[in-house]
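J.: Below are the structure tokens for one structure; questions will follow.
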Amino acid sequence: MNLSRLLVLVVCSLAYVTVAQATPPSEQTRACVAASTEGQTDRDEGRLLAARGELRACARASCPAIVAKSCGDWLAELEQRIPSVVLRVIEAGAGDLTEASVKLDQQPVALDGREVWLDPGRHEVVAYALGWSPIARTFLVAERERARVLTIELPARAGSAPAVAPALPSEPAHEEPAARPRSEPSASAPRETPAPRSFAVPAGAWVLAGVGVAGMVGFAVLGTQAKNEYHRLSHDCSPGCTPRQTEAGERKALLADVSLGVGAAALLGAGAWTLSRWLQRERPPDTQLGFAPTHGGVLATVFARY
């Protein structure tokens with residue numbers, strides 16, 4: 001039980017007790033209180049049409065003022081939630097079948113173009129027409145969905161296909177000049193040029209290039225720090241500096257050399273990778289690019305057949 005139902009029951013009970021102390025409750029008062037309770041129950045459980053009928057009953061002026069006001073407020077909110085549909089039956093290619101009949105949830109419904117109010121949820125509509133077998137459709141309608149048009153289309157009757165417009169008289173055919181042989185294409189005809197093939201740098205080459213740039217930056221920073229350390233020691237303790245004093249500068253110089261080697265190798269690898277991919281796309285299939293490690297670096301070989 002939600003808070004609104006609890007509140008109205010308390011208020012109605014208080015009103016009922018107050019009236020009972022003066023005079024015995026009438027049958028009309030008991031019916032109004034019962035209608036307000038049933039209306040809220042039906043509303044909360046999705047039976048909106050039944051709830052509308054109950055709330056209309058308890059919103060009448062003959063009910064106690066507090067009950068009528070509460071039911072009127074609930075009824076105004078409920079009216080916005082009740083969905084509706086408009087039913088149509090048509091013949092394919094011919095328009096509406098006004099002589100057809102329809103049953104909605106096994107209840108006859110008039111095909112008059114007016115809204116039909118429904119509870120939210122799943123429903124079934126069946127169309128009947130002379131000369132056709134009954135056709136059933138199932139649909140789902142949501143709360144606050146208003147005037148949704150539901151069209152049931154029946155197949156066209158045999159032999160009722162639309163007539164084809166007669167062809168207009170054709171003009172006398174003019175003799176066309178003899179076509180040129182295929183071996184002699186017209187000089188004015190544009191020649192088809194192959195679309196240029198796009199080329200993209202491999203993602204791995206970008207990664208290697210990033211590592212190479214980082215290595216070069218590291219070399220520059222560490223080399224500068226090592227150089228500054230060397231100048232400082234040359235003024236402070238040279239030529240009698242201890243290994244402990246020179247350790248920091250030597251370590252930075254070593255890291256600078258390592259960064260230089262890593263950066264150079266990464267940049268070379270990125271360039272070789274990109275060149276290899278480009279040659280594979282631009283050269284004939286028998287062009288090959290190879291790399292082989294040597295004592296002094298990397299040996300690149302290109303093999304092509306023409």
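We label chains A, B, ... in the order they appear in the structure tokens, count residues from 1 in each chain, and number ligands from 1 in the order shown.
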Any idea what's packed within 7 Å of A:Thr151, counting only C-alpha atoms, ignoring anything in its chain fewer than 4 positions away? Could you give it as a ChimeraX atom specification?

T.: /A:87-89

J.: Calculate how many Å separate atom CA of A:Leu49 from atom CA of A:Cys63, rounding to one decimal.

T.: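 Going from atom CA of A:Leu49 over to atom CA of A:Cys63, I get 20.9 Å.
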
J.: May I ask for the distance between atom CA of A:Ala100 and atom CA of A:Ile135, given in Å to one decimal place?

T.: 11.4 Å

J.: Please determine, counting only C-alpha atoms, which residue among A:Ala110, A:Cys71, A:Ile66, A:Cys241 has the shortest atom-to-atom distance to A:Glu38.

T.: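 Closest candidate: A:Cys71.
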
J.: Based on the backbone DSSP call, show me all residues of stretch 76-109 of chain A assigned strand (DSSP E or B), as a list in words.

T.: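 Residues of stretch 76-109 of chain A classed as strand (DSSP E or B): Ser84, Val85, Val86, Leu87, Arg88, Val89, Ile90, Glu91, Gly95, Asp96, Ser101, Val102, Lys103, Leu104, Gln107, Pro108 and Val109 of chain A.
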
J.: Enumerate, as a PyMOL selection string, the complete set of residues in stretch 3-152 of chain A that a backbone-based DSSP assignment places in helix (DSSP H, G or I).

T.: chain A and resi 3-22+27-44+48-58+65-79

J.: Take the residues that were just selected and, keeping C-alpha atoms, output them as a PDB file, in the first residue's frame.

T.:
```
ATOM      1  CA  LEU A   3       1.525   6.538   0.941  1.00  0.00           C
ATOM      2  CA  SER A   4      -1.338   8.167  -0.966  1.00  0.00           C
ATOM      3  CA  ARG A   5      -3.660   5.210  -0.382  1.00  0.00           C
ATOM      4  CA  LEU A   6      -2.746   5.118   3.284  1.00  0.00           C
ATOM      5  CA  LEU A   7      -3.395   8.843   3.640  1.00  0.00           C
ATOM      6  CA  VAL A   8      -6.808   8.762   2.005  1.00  0.00           C
ATOM      7  CA  LEU A   9      -7.835   5.743   4.076  1.00  0.00           C
ATOM      8  CA  VAL A  10      -6.879   7.590   7.235  1.00  0.00           C
ATOM      9  CA  VAL A  11      -8.719  10.716   6.152  1.00  0.00           C
ATOM     10  CA  CYS A  12     -11.775   8.744   5.064  1.00  0.00           C
ATOM     11  CA  SER A  13     -11.770   6.818   8.306  1.00  0.00           C
ATOM     12  CA  LEU A  14     -11.626  10.036  10.313  1.00  0.00           C
ATOM     13  CA  ALA A  15     -14.443  11.490   8.250  1.00  0.00           C
ATOM     14  CA  TYR A  16     -16.412   8.288   8.670  1.00  0.00           C
ATOM     15  CA  VAL A  17     -15.958   8.353  12.441  1.00  0.00           C
ATOM     16  CA  THR A  18     -16.883  12.046  12.611  1.00  0.00           C
ATOM     17  CA  VAL A  19     -20.075  11.492  10.621  1.00  0.00           C
ATOM     18  CA  ALA A  20     -20.893   8.354  12.598  1.00  0.00           C
ATOM     19  CA  GLN A  21     -20.779  10.267  15.878  1.00  0.00           C
ATOM     20  CA  ALA A  22     -23.494  12.602  14.605  1.00  0.00           C
ATOM     21  CA  GLU A  27     -25.179   3.648   2.206  1.00  0.00           C
ATOM     22  CA  GLN A  28     -23.985   6.348  -0.197  1.00  0.00           C
ATOM     23  CA  THR A  29     -21.052   7.306   2.072  1.00  0.00           C
ATOM     24  CA  ARG A  30     -19.935   3.707   2.434  1.00  0.00           C
ATOM     25  CA  ALA A  31     -20.113   3.250  -1.337  1.00  0.00           C
ATOM     26  CA  CYS A  32     -17.967   6.371  -1.919  1.00  0.00           C
ATOM     27  CA  VAL A  33     -15.262   5.189   0.489  1.00  0.00           C
ATOM     28  CA  ALA A  34     -15.276   1.709  -1.078  1.00  0.00           C
ATOM     29  CA  ALA A  35     -15.041   3.183  -4.601  1.00  0.00           C
ATOM     30  CA  SER A  36     -12.033   5.318  -3.657  1.00  0.00           C
ATOM     31  CA  THR A  37     -10.244   2.275  -2.236  1.00  0.00           C
ATOM     32  CA  GLU A  38     -11.005   0.071  -5.243  1.00  0.00           C
ATOM     33  CA  GLY A  39     -10.053   2.839  -7.656  1.00  0.00           C
ATOM     34  CA  GLN A  40      -6.591   3.196  -6.138  1.00  0.00           C
ATOM     35  CA  THR A  41      -6.083  -0.575  -6.134  1.00  0.00           C
ATOM     36  CA  ASP A  42      -7.021  -0.893  -9.823  1.00  0.00           C
ATOM     37  CA  ARG A  43      -4.832   2.079 -10.731  1.00  0.00           C
ATOM     38  CA  ASP A  44      -1.763   0.686  -8.982  1.00  0.00           C
ATOM     39  CA  LEU A  48      -6.692   1.948 -15.614  1.00  0.00           C
ATOM     40  CA  LEU A  49     -10.137   1.693 -17.226  1.00  0.00           C
ATOM     41  CA  ALA A  50     -11.645   0.046 -14.137  1.00  0.00           C
ATOM     42  CA  ALA A  51      -9.884   2.585 -11.928  1.00  0.00           C
ATOM     43  CA  ARG A  52     -11.403   5.433 -13.958  1.00  0.00           C
ATOM     44  CA  GLY A  53     -14.903   4.104 -13.368  1.00  0.00           C
ATOM     45  CA  GLU A  54     -14.341   3.764  -9.608  1.00  0.00           C
ATOM     46  CA  LEU A  55     -12.794   7.223  -9.260  1.00  0.00           C
ATOM     47  CA  ARG A  56     -15.622   8.799 -11.229  1.00  0.00           C
ATOM     48  CA  ALA A  57     -18.065   7.214  -8.785  1.00  0.00           C
ATOM     49  CA  CYS A  58     -16.338   8.590  -5.681  1.00  0.00           C
ATOM     50  CA  ALA A  65     -16.273  16.510   0.363  1.00  0.00           C
ATOM     51  CA  ILE A  66     -12.857  15.138   1.380  1.00  0.00           C
ATOM     52  CA  VAL A  67     -13.444  11.899  -0.546  1.00  0.00           C
ATOM     53  CA  ALA A  68     -14.774  13.661  -3.641  1.00  0.00           C
ATOM     54  CA  LYS A  69     -11.813  16.034  -3.778  1.00  0.00           C
ATOM     55  CA  SER A  70      -9.229  13.238  -3.453  1.00  0.00           C
ATOM     56  CA  CYS A  71     -10.942  11.119  -6.092  1.00  0.00           C
ATOM     57  CA  GLY A  72     -11.159  14.107  -8.443  1.00  0.00           C
ATOM     58  CA  ASP A  73      -7.432  14.766  -8.186  1.00  0.00           C
ATOM     59  CA  TRP A  74      -6.588  11.104  -8.788  1.00  0.00           C
ATOM     60  CA  LEU A  75      -8.989  10.965 -11.731  1.00  0.00           C
ATOM     61  CA  ALA A  76      -7.371  13.961 -13.451  1.00  0.00           C
ATOM     62  CA  GLU A  77      -3.946  12.326 -13.175  1.00  0.00           C
ATOM     63  CA  LEU A  78      -5.285   8.962 -14.338  1.00  0.00           C
ATOM     64  CA  GLU A  79      -6.888  10.397 -17.484  1.00  0.00           C
TER      65      GLU A  79
END
```

J.: Could you please determine the separation between atom CA of A:Ser238 and atom CA of A:Val221 in Å, to one decimal place?

T.: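 Between atom CA of A:Ser238 and atom CA of A:Val221 the gap works out to 23.8 Å.
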
J.: For A:Val102, please output as a ChimeraX atom specification all residues within 10 Å (counting only C-alpha atoms; exclusion window: fewer than 5 positions along the same chain).

T.: /A:87-89,107-111,125-129,134-136,152
